[in-house]
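Written out below as C-alpha cells is the structure these notes cover.
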Amino acid sequence: MNPLSRYATCAGYEIHYTEWGALDAPVVIAWHGLARTGRDMDDLAAHLAPRFRVICPDTIGRGLSQWARAPQDEYRLSFYARIAADLFDQLSIEKAHWVGTSMGGAIGTVCASGLFEPRLKGRISSLLLNDNAPRLAEAALERIKAYAGHPPSFSTVQELEAFFRQVYQPYGWLSDAQWRRLTETSTRRLPDGRVTPHYDPAMVQQFTHHTNDYLIWDHYDALDIPVLCLRGEESDLVLRDVTAEMLTRGPGARGQAQVVEVAGCGHAPALNVPAHYALVDRFLVHGVQDPGPGEHAFARSAGGAGLHSKAPVQYRAPSHLQWP
C-alpha cells in the first residue's frame, strides 16, 4: 500500500504529512523524532494501514514542512501541540491513538494532557512513547545539543547514508533498502551542491532557549489514558530510574502505564520489524493488559494493569532472532 502525500496549513505554516489506510478507519498519529521526518514511520504505517488510518506528519522545520519564521518561539513543545491541534481539527479527527518516537512522544504527551491545548483533551485515546519519557538524561541532551545545530554535509548521498548508518545504529536492524529509503527521505541539497540531513538547524534552539522543555512530568501526571513506554534496552536518553518512576505516578499510579524494554536497540527502536509491530499491535488492541496465553513479546516488561505479583513480570524474546 502506498501513502498519499498531503499538506495542511497549521498554526500559519504548511505542514506535510503522509496518510495511509481508509478514511473511515480508527486513526493512529505516528510522529517522528527530533531530527527525522514522518517517512521514518513508513514501515509501521504500512503494517497498520489495513486496519487504521495512519497520519505521519513532518514537524515544522523537518522534511517537507515549512521552517519556523521565529525559531526561538516556535521550535518548542507548546507550538508543536498547537500544530497538532490544528491538524486534528482540519482532518476532522475526533479520536486517535498516538505513537511517538522520541520528540514525537513528548509532543504526544503534551497534546494528550490538554494543558497546552485544551481542545485536544480527551481526543487522544492511548499513547505509545517510543524511547521517550517525562524526564530525559542530561548527558544525552548535551550530546543532542552538540550535534543537532550543526548537521554535517557530504559530497554524495552515499556518504550521507554511511553517516546515517553509523549514527542511527541504535535503531536496531534495518535492511539495505530501509537504510536507503531513510537516507533519501531525509536528505536536502545545499546551495554548494553538497547534501545534508533534511531539517532546520535552528530547531536546536528548543534546547538553548527552553532548557526544561522536555521536563514534562506535569503533563504526564495529567494523563488518564493507557500509556506504553518502549525503552530501547541500551538507551542513553531514557533511564531506568525514570521509567520506574513513570509506573508510580500519573497513569502508572492508576494502573494505566507499562514499560517494555526492546532488545537489540538503543535510542530509538525503528518500529520496522515484526517484533516491534507485535508490541504496537498488542498495545492498540489490549492497552497495558498482559498478553494473553500464547502471545509472545520480544522484550522485557514491567508494570501495568493486570500484573498481580509485586515483582515485575518478565518475558523475553528468543535468544536469536532472524529477520527476513
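Lettering and numbering for the C-alpha cells are positional, with chains as A, B, ... in the shown order, residues counted from 1 in each chain, and ligands counted from 1 in the shown order.
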**Request:** Among the residues of range 20-269 of chain A, find those DSSP assigns to alpha helix (DSSP H) from the backbone and print them as a ChimeraX atom specification.
**Result:** /A:42-48,71-74,77-90,103-113,138-148,157-167,176-184,205-209,217-221,240-246
Requested write-out: C-alpha atoms of the selected residues, as a PDB file, in the first residue's frame:
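Wrote part_37.pdb, looks like this:
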```
ATOM      1  CA  ASP A  42       6.567   4.172   6.616  1.00  0.00           C
ATOM      2  CA  ASP A  43       7.063   0.572   7.685  1.00  0.00           C
ATOM      3  CA  LEU A  44       4.871   0.791  10.768  1.00  0.00           C
ATOM      4  CA  ALA A  45       2.222   2.728   8.845  1.00  0.00           C
ATOM      5  CA  ALA A  46       2.159   0.155   6.040  1.00  0.00           C
ATOM      6  CA  HIS A  47       1.720  -2.580   8.650  1.00  0.00           C
ATOM      7  CA  LEU A  48      -1.169  -0.743  10.356  1.00  0.00           C
ATOM      8  CA  PRO A  71      12.751  29.689  15.677  1.00  0.00           C
ATOM      9  CA  GLN A  72      13.211  30.752  19.291  1.00  0.00           C
ATOM     10  CA  ASP A  73       9.464  30.814  19.906  1.00  0.00           C
ATOM     11  CA  GLU A  74       8.208  28.114  17.556  1.00  0.00           C
ATOM     12  CA  LEU A  77       6.591  21.633  22.521  1.00  0.00           C
ATOM     13  CA  SER A  78       3.804  24.167  23.097  1.00  0.00           C
ATOM     14  CA  PHE A  79       3.929  25.292  19.456  1.00  0.00           C
ATOM     15  CA  TYR A  80       4.154  21.719  18.194  1.00  0.00           C
ATOM     16  CA  ALA A  81       0.993  20.993  20.209  1.00  0.00           C
ATOM     17  CA  ARG A  82      -0.732  23.918  18.500  1.00  0.00           C
ATOM     18  CA  ILE A  83       0.204  22.465  15.114  1.00  0.00           C
ATOM     19  CA  ALA A  84      -1.118  19.061  16.169  1.00  0.00           C
ATOM     20  CA  ALA A  85      -4.394  20.550  17.415  1.00  0.00           C
ATOM     21  CA  ASP A  86      -4.906  22.349  14.105  1.00  0.00           C
ATOM     22  CA  LEU A  87      -4.126  19.128  12.239  1.00  0.00           C
ATOM     23  CA  PHE A  88      -6.730  17.221  14.277  1.00  0.00           C
ATOM     24  CA  ASP A  89      -9.307  19.887  13.504  1.00  0.00           C
ATOM     25  CA  GLN A  90      -8.524  20.155   9.800  1.00  0.00           C
ATOM     26  CA  MET A 103      10.355  14.055  20.369  1.00  0.00           C
ATOM     27  CA  GLY A 104       7.161  12.684  18.832  1.00  0.00           C
ATOM     28  CA  GLY A 105       6.398  11.000  22.135  1.00  0.00           C
ATOM     29  CA  ALA A 106       6.902  14.241  24.047  1.00  0.00           C
ATOM     30  CA  ILE A 107       4.575  16.029  21.620  1.00  0.00           C
ATOM     31  CA  GLY A 108       2.003  13.302  22.182  1.00  0.00           C
ATOM     32  CA  THR A 109       2.298  13.653  25.959  1.00  0.00           C
ATOM     33  CA  VAL A 110       1.705  17.413  25.979  1.00  0.00           C
ATOM     34  CA  CYS A 111      -1.131  17.031  23.468  1.00  0.00           C
ATOM     35  CA  ALA A 112      -2.859  14.300  25.463  1.00  0.00           C
ATOM     36  CA  SER A 113      -2.599  16.242  28.723  1.00  0.00           C
ATOM     37  CA  GLU A 138      21.073  15.239  30.852  1.00  0.00           C
ATOM     38  CA  ALA A 139      24.172  13.687  29.284  1.00  0.00           C
ATOM     39  CA  ALA A 140      22.179  12.566  26.253  1.00  0.00           C
ATOM     40  CA  LEU A 141      20.565  16.001  25.934  1.00  0.00           C
ATOM     41  CA  GLU A 142      24.007  17.591  25.913  1.00  0.00           C
ATOM     42  CA  ARG A 143      25.027  15.190  23.137  1.00  0.00           C
ATOM     43  CA  ILE A 144      21.947  16.155  21.132  1.00  0.00           C
ATOM     44  CA  LYS A 145      22.649  19.866  21.589  1.00  0.00           C
ATOM     45  CA  ALA A 146      26.192  19.335  20.357  1.00  0.00           C
ATOM     46  CA  TYR A 147      25.218  17.770  17.034  1.00  0.00           C
ATOM     47  CA  ALA A 148      21.702  18.933  16.176  1.00  0.00           C
ATOM     48  CA  VAL A 157      24.204  10.776  -0.937  1.00  0.00           C
ATOM     49  CA  GLN A 158      26.093   7.522  -0.409  1.00  0.00           C
ATOM     50  CA  GLU A 159      28.424   9.258   2.035  1.00  0.00           C
ATOM     51  CA  LEU A 160      25.415  10.629   3.896  1.00  0.00           C
ATOM     52  CA  GLU A 161      23.915   7.143   4.031  1.00  0.00           C
ATOM     53  CA  ALA A 162      27.133   5.815   5.566  1.00  0.00           C
ATOM     54  CA  PHE A 163      26.878   8.566   8.190  1.00  0.00           C
ATOM     55  CA  PHE A 164      23.247   7.691   8.939  1.00  0.00           C
ATOM     56  CA  ARG A 165      24.119   4.015   9.270  1.00  0.00           C
ATOM     57  CA  GLN A 166      26.688   4.929  11.902  1.00  0.00           C
ATOM     58  CA  VAL A 167      24.750   7.441  13.998  1.00  0.00           C
ATOM     59  CA  ASP A 176      19.741  -2.142   2.958  1.00  0.00           C
ATOM     60  CA  ALA A 177      16.561  -0.922   1.278  1.00  0.00           C
ATOM     61  CA  GLN A 178      15.348   0.642   4.544  1.00  0.00           C
ATOM     62  CA  TRP A 179      18.652   2.430   5.049  1.00  0.00           C
ATOM     63  CA  ARG A 180      18.484   3.777   1.517  1.00  0.00           C
ATOM     64  CA  ARG A 181      14.906   4.997   1.999  1.00  0.00           C
ATOM     65  CA  LEU A 182      15.764   6.572   5.353  1.00  0.00           C
ATOM     66  CA  THR A 183      18.563   8.461   3.612  1.00  0.00           C
ATOM     67  CA  GLU A 184      16.674   9.555   0.534  1.00  0.00           C
ATOM     68  CA  GLN A 205      17.020  26.477  19.880  1.00  0.00           C
ATOM     69  CA  GLN A 206      14.419  24.360  21.656  1.00  0.00           C
ATOM     70  CA  PHE A 207      17.280  23.239  23.888  1.00  0.00           C
ATOM     71  CA  THR A 208      19.214  26.510  24.138  1.00  0.00           C
ATOM     72  CA  HIS A 209      16.237  28.806  24.828  1.00  0.00           C
ATOM     73  CA  TRP A 217       6.056  15.458  34.485  1.00  0.00           C
ATOM     74  CA  ASP A 218       3.088  17.791  34.949  1.00  0.00           C
ATOM     75  CA  HIS A 219       1.738  16.741  31.554  1.00  0.00           C
ATOM     76  CA  TYR A 220       2.413  13.051  32.245  1.00  0.00           C
ATOM     77  CA  ASP A 221       0.722  13.244  35.648  1.00  0.00           C
ATOM     78  CA  ARG A 240      15.542   3.034  34.064  1.00  0.00           C
ATOM     79  CA  ASP A 241      15.034   5.123  37.187  1.00  0.00           C
ATOM     80  CA  VAL A 242      12.768   7.409  35.168  1.00  0.00           C
ATOM     81  CA  THR A 243      10.720   4.562  33.701  1.00  0.00           C
ATOM     82  CA  ALA A 244      10.389   3.133  37.213  1.00  0.00           C
ATOM     83  CA  GLU A 245       9.023   6.493  38.373  1.00  0.00           C
ATOM     84  CA  MET A 246       6.573   6.501  35.456  1.00  0.00           C
TER      85      MET A 246
END
```
**Message:** With DSSP run on the backbone, what are the strand (DSSP E) residues within range 26-224 of chain A? I'd like them as a ChimeraX atom specification.
**Reply:** /A:27-31,53-57,96-101,124-130,187-189,195-197
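Across the model, the gap from CA of Val259 in chain A to CA of Leu247 in chain A is 7.8 Å.
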Within 6 Å of range 190-202 of chain A, counting only C-alpha atoms, which residues qualify if same-chain residues fewer than 4 places away don't, as a PDB file with N, CA and C atoms, in the first residue's frame?
```pdb
ATOM      1  N   GLY A  61       9.924  22.580  10.328  1.00  0.00           N
ATOM      2  CA  GLY A  61      11.381  22.593  10.269  1.00  0.00           C
ATOM      3  C   GLY A  61      12.005  21.278   9.870  1.00  0.00           C
ATOM      4  N   ARG A  62      11.175  20.282   9.554  1.00  0.00           N
ATOM      5  CA  ARG A  62      11.694  18.969   9.147  1.00  0.00           C
ATOM      6  C   ARG A  62      11.013  18.538   7.853  1.00  0.00           C
ATOM      7  N   GLY A  63      11.722  17.725   7.090  1.00  0.00           N
ATOM      8  CA  GLY A  63      11.140  17.152   5.889  1.00  0.00           C
ATOM      9  C   GLY A  63      10.591  18.207   4.959  1.00  0.00           C
ATOM     10  N   GLY A 149      22.492  21.236  16.054  1.00  0.00           N
ATOM     11  CA  GLY A 149      22.594  22.558  15.443  1.00  0.00           C
ATOM     12  C   GLY A 149      23.641  22.670  14.359  1.00  0.00           C
ATOM     13  N   SER A 153      27.694  17.936   6.289  1.00  0.00           N
ATOM     14  CA  SER A 153      27.362  17.873   4.863  1.00  0.00           C
ATOM     15  C   SER A 153      28.361  16.947   4.177  1.00  0.00           C
ATOM     16  N   PHE A 154      27.921  16.376   3.065  1.00  0.00           N
ATOM     17  CA  PHE A 154      28.730  15.394   2.343  1.00  0.00           C
ATOM     18  C   PHE A 154      28.630  15.646   0.842  1.00  0.00           C
ATOM     19  N   SER A 155      29.619  15.156   0.131  1.00  0.00           N
ATOM     20  CA  SER A 155      29.636  15.345  -1.320  1.00  0.00           C
ATOM     21  C   SER A 155      28.586  14.501  -2.010  1.00  0.00           C
ATOM     22  N   SER A 186      15.296  11.877   3.879  1.00  0.00           N
ATOM     23  CA  SER A 186      15.733  12.885   4.856  1.00  0.00           C
ATOM     24  C   SER A 186      17.036  13.544   4.409  1.00  0.00           C
TER      25      SER A 186
END
```
**Message:** So, with only C-alpha atoms as the atoms that count, which of A:Val99, A:Leu91, A:Met41, A:Ile15 lies closest to Ser65 in chain A?
**Reply:** A:Ile15
Could you list, as a short mmCIF file (atom, residue, chain, number, x, y, z; two decimals) with C-alpha atoms, in the first residue's frame, every residue within 8 Å of range 23-28 of chain A, counting only C-alpha atoms and ignoring same-chain residues fewer than 5 positions away?
```
data_model
loop_
_atom_site.label_atom_id
_atom_site.label_comp_id
_atom_site.auth_asym_id
_atom_site.auth_seq_id
_atom_site.Cartn_x
_atom_site.Cartn_y
_atom_site.Cartn_z
CA ARG A 51 -6.83 -1.65 9.96
CA PHE A 52 -6.12 2.02 10.69
CA ARG A 53 -5.95 5.43 9.10
CA VAL A 54 -2.36 6.43 9.85
CA ILE A 55 -1.22 10.07 9.76
CA ILE A 93 -10.11 13.66 13.82
CA LYS A 95 -10.18 10.38 18.49
CA ALA A 96 -6.76 8.94 17.75
CA HIS A 97 -4.12 6.65 19.14
CA TRP A 98 -0.69 8.31 19.27
CA VAL A 99 2.62 6.59 18.52
#
```
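Excluding Gly33 in chain A itself and same-chain residues fewer than 3 positions from it, the residues having an atom within 8 Å of it are A:Arg36, A:Thr37, A:Gly100, A:Thr101, A:Ser102, A:Met103, A:Gly104, counting only C-alpha atoms.
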**Item:** Exercise: range 172-174 of chain A partners within 7 Å, only C-alpha atoms, chain neighbours under 3 positions left out, as a PyMOL selection string
**Value:** chain A and resi 169+178-179+264-265+269-270
Residues of the last selection are to be written out with all heavy atoms, as a PDB file, in the first residue's frame.
```
ATOM      1  N   GLN A 169      22.707   3.574  14.269  1.00  0.00           N
ATOM      2  CA  GLN A 169      22.878   2.158  14.574  1.00  0.00           C
ATOM      3  C   GLN A 169      22.023   1.725  15.765  1.00  0.00           C
ATOM      4  O   GLN A 169      21.484   0.602  15.766  1.00  0.00           O
ATOM      5  CB  GLN A 169      24.364   1.862  14.839  1.00  0.00           C
ATOM      6  CG  GLN A 169      24.687   0.404  15.076  1.00  0.00           C
ATOM      7  CD  GLN A 169      24.505  -0.017  16.540  1.00  0.00           C
ATOM      8  OE1 GLN A 169      24.593   0.835  17.438  1.00  0.00           O
ATOM      9  NE2 GLN A 169      24.268  -1.286  16.759  1.00  0.00           N
ATOM     10  N   GLN A 178      15.855  -0.295   3.536  1.00  0.00           N
ATOM     11  CA  GLN A 178      15.348   0.642   4.544  1.00  0.00           C
ATOM     12  C   GLN A 178      16.355   1.746   4.831  1.00  0.00           C
ATOM     13  O   GLN A 178      15.985   2.914   5.002  1.00  0.00           O
ATOM     14  CB  GLN A 178      14.975  -0.117   5.816  1.00  0.00           C
ATOM     15  CG  GLN A 178      13.710  -0.944   5.658  1.00  0.00           C
ATOM     16  CD  GLN A 178      13.449  -1.872   6.833  1.00  0.00           C
ATOM     17  OE1 GLN A 178      14.375  -2.293   7.542  1.00  0.00           O
ATOM     18  NE2 GLN A 178      12.187  -2.209   7.051  1.00  0.00           N
ATOM     19  N   TRP A 179      17.630   1.403   4.870  1.00  0.00           N
ATOM     20  CA  TRP A 179      18.652   2.430   5.049  1.00  0.00           C
ATOM     21  C   TRP A 179      18.643   3.414   3.884  1.00  0.00           C
ATOM     22  O   TRP A 179      18.767   4.628   4.076  1.00  0.00           O
ATOM     23  CB  TRP A 179      20.038   1.813   5.188  1.00  0.00           C
ATOM     24  CG  TRP A 179      20.365   1.271   6.547  1.00  0.00           C
ATOM     25  CD1 TRP A 179      20.650  -0.017   6.877  1.00  0.00           C
ATOM     26  CD2 TRP A 179      20.454   2.020   7.766  1.00  0.00           C
ATOM     27  NE1 TRP A 179      20.902  -0.119   8.222  1.00  0.00           N
ATOM     28  CE2 TRP A 179      20.796   1.114   8.794  1.00  0.00           C
ATOM     29  CE3 TRP A 179      20.273   3.363   8.092  1.00  0.00           C
ATOM     30  CZ2 TRP A 179      20.966   1.517  10.120  1.00  0.00           C
ATOM     31  CZ3 TRP A 179      20.436   3.771   9.413  1.00  0.00           C
ATOM     32  CH2 TRP A 179      20.774   2.847  10.406  1.00  0.00           C
ATOM     33  N   GLY A 264      18.079  -5.267  21.628  1.00  0.00           N
ATOM     34  CA  GLY A 264      18.797  -5.009  20.387  1.00  0.00           C
ATOM     35  C   GLY A 264      18.721  -3.589  19.905  1.00  0.00           C
ATOM     36  O   GLY A 264      19.107  -3.303  18.757  1.00  0.00           O
ATOM     37  N   CYS A 265      18.235  -2.664  20.740  1.00  0.00           N
ATOM     38  CA  CYS A 265      18.063  -1.270  20.334  1.00  0.00           C
ATOM     39  C   CYS A 265      18.541  -0.336  21.438  1.00  0.00           C
ATOM     40  O   CYS A 265      18.551  -0.679  22.611  1.00  0.00           O
ATOM     41  CB  CYS A 265      16.597  -0.948  20.048  1.00  0.00           C
ATOM     42  SG  CYS A 265      15.859  -1.879  18.708  1.00  0.00           S
ATOM     43  N   PRO A 269      14.146   2.473  19.052  1.00  0.00           N
ATOM     44  CA  PRO A 269      13.722   1.381  18.174  1.00  0.00           C
ATOM     45  C   PRO A 269      13.065   1.915  16.901  1.00  0.00           C
ATOM     46  O   PRO A 269      12.255   2.841  16.939  1.00  0.00           O
ATOM     47  CB  PRO A 269      12.713   0.613  19.040  1.00  0.00           C
ATOM     48  CG  PRO A 269      13.163   0.881  20.445  1.00  0.00           C
ATOM     49  CD  PRO A 269      13.658   2.291  20.440  1.00  0.00           C
ATOM     50  N   ALA A 270      13.420   1.314  15.758  1.00  0.00           N
ATOM     51  CA  ALA A 270      12.949   1.826  14.471  1.00  0.00           C
ATOM     52  C   ALA A 270      11.495   1.482  14.171  1.00  0.00           C
ATOM     53  O   ALA A 270      10.925   2.025  13.223  1.00  0.00           O
ATOM     54  CB  ALA A 270      13.846   1.291  13.347  1.00  0.00           C
TER      55      ALA A 270
END
```
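Reported to one decimal place, the separation of CA of Gln66 in chain A from CA of Glu14 in chain A is 5.6 Å.
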**Request:** Rank nothing, just name the residue among A:Pro152, A:Pro134, A:Pro118, A:Gly21 nearest to Val227 in chain A, using only C-alpha atoms.
**Result:** A:Pro134
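In this structure, CA of Thr187 in chain A sits 25.7 Å away from CA of His276 in chain A.
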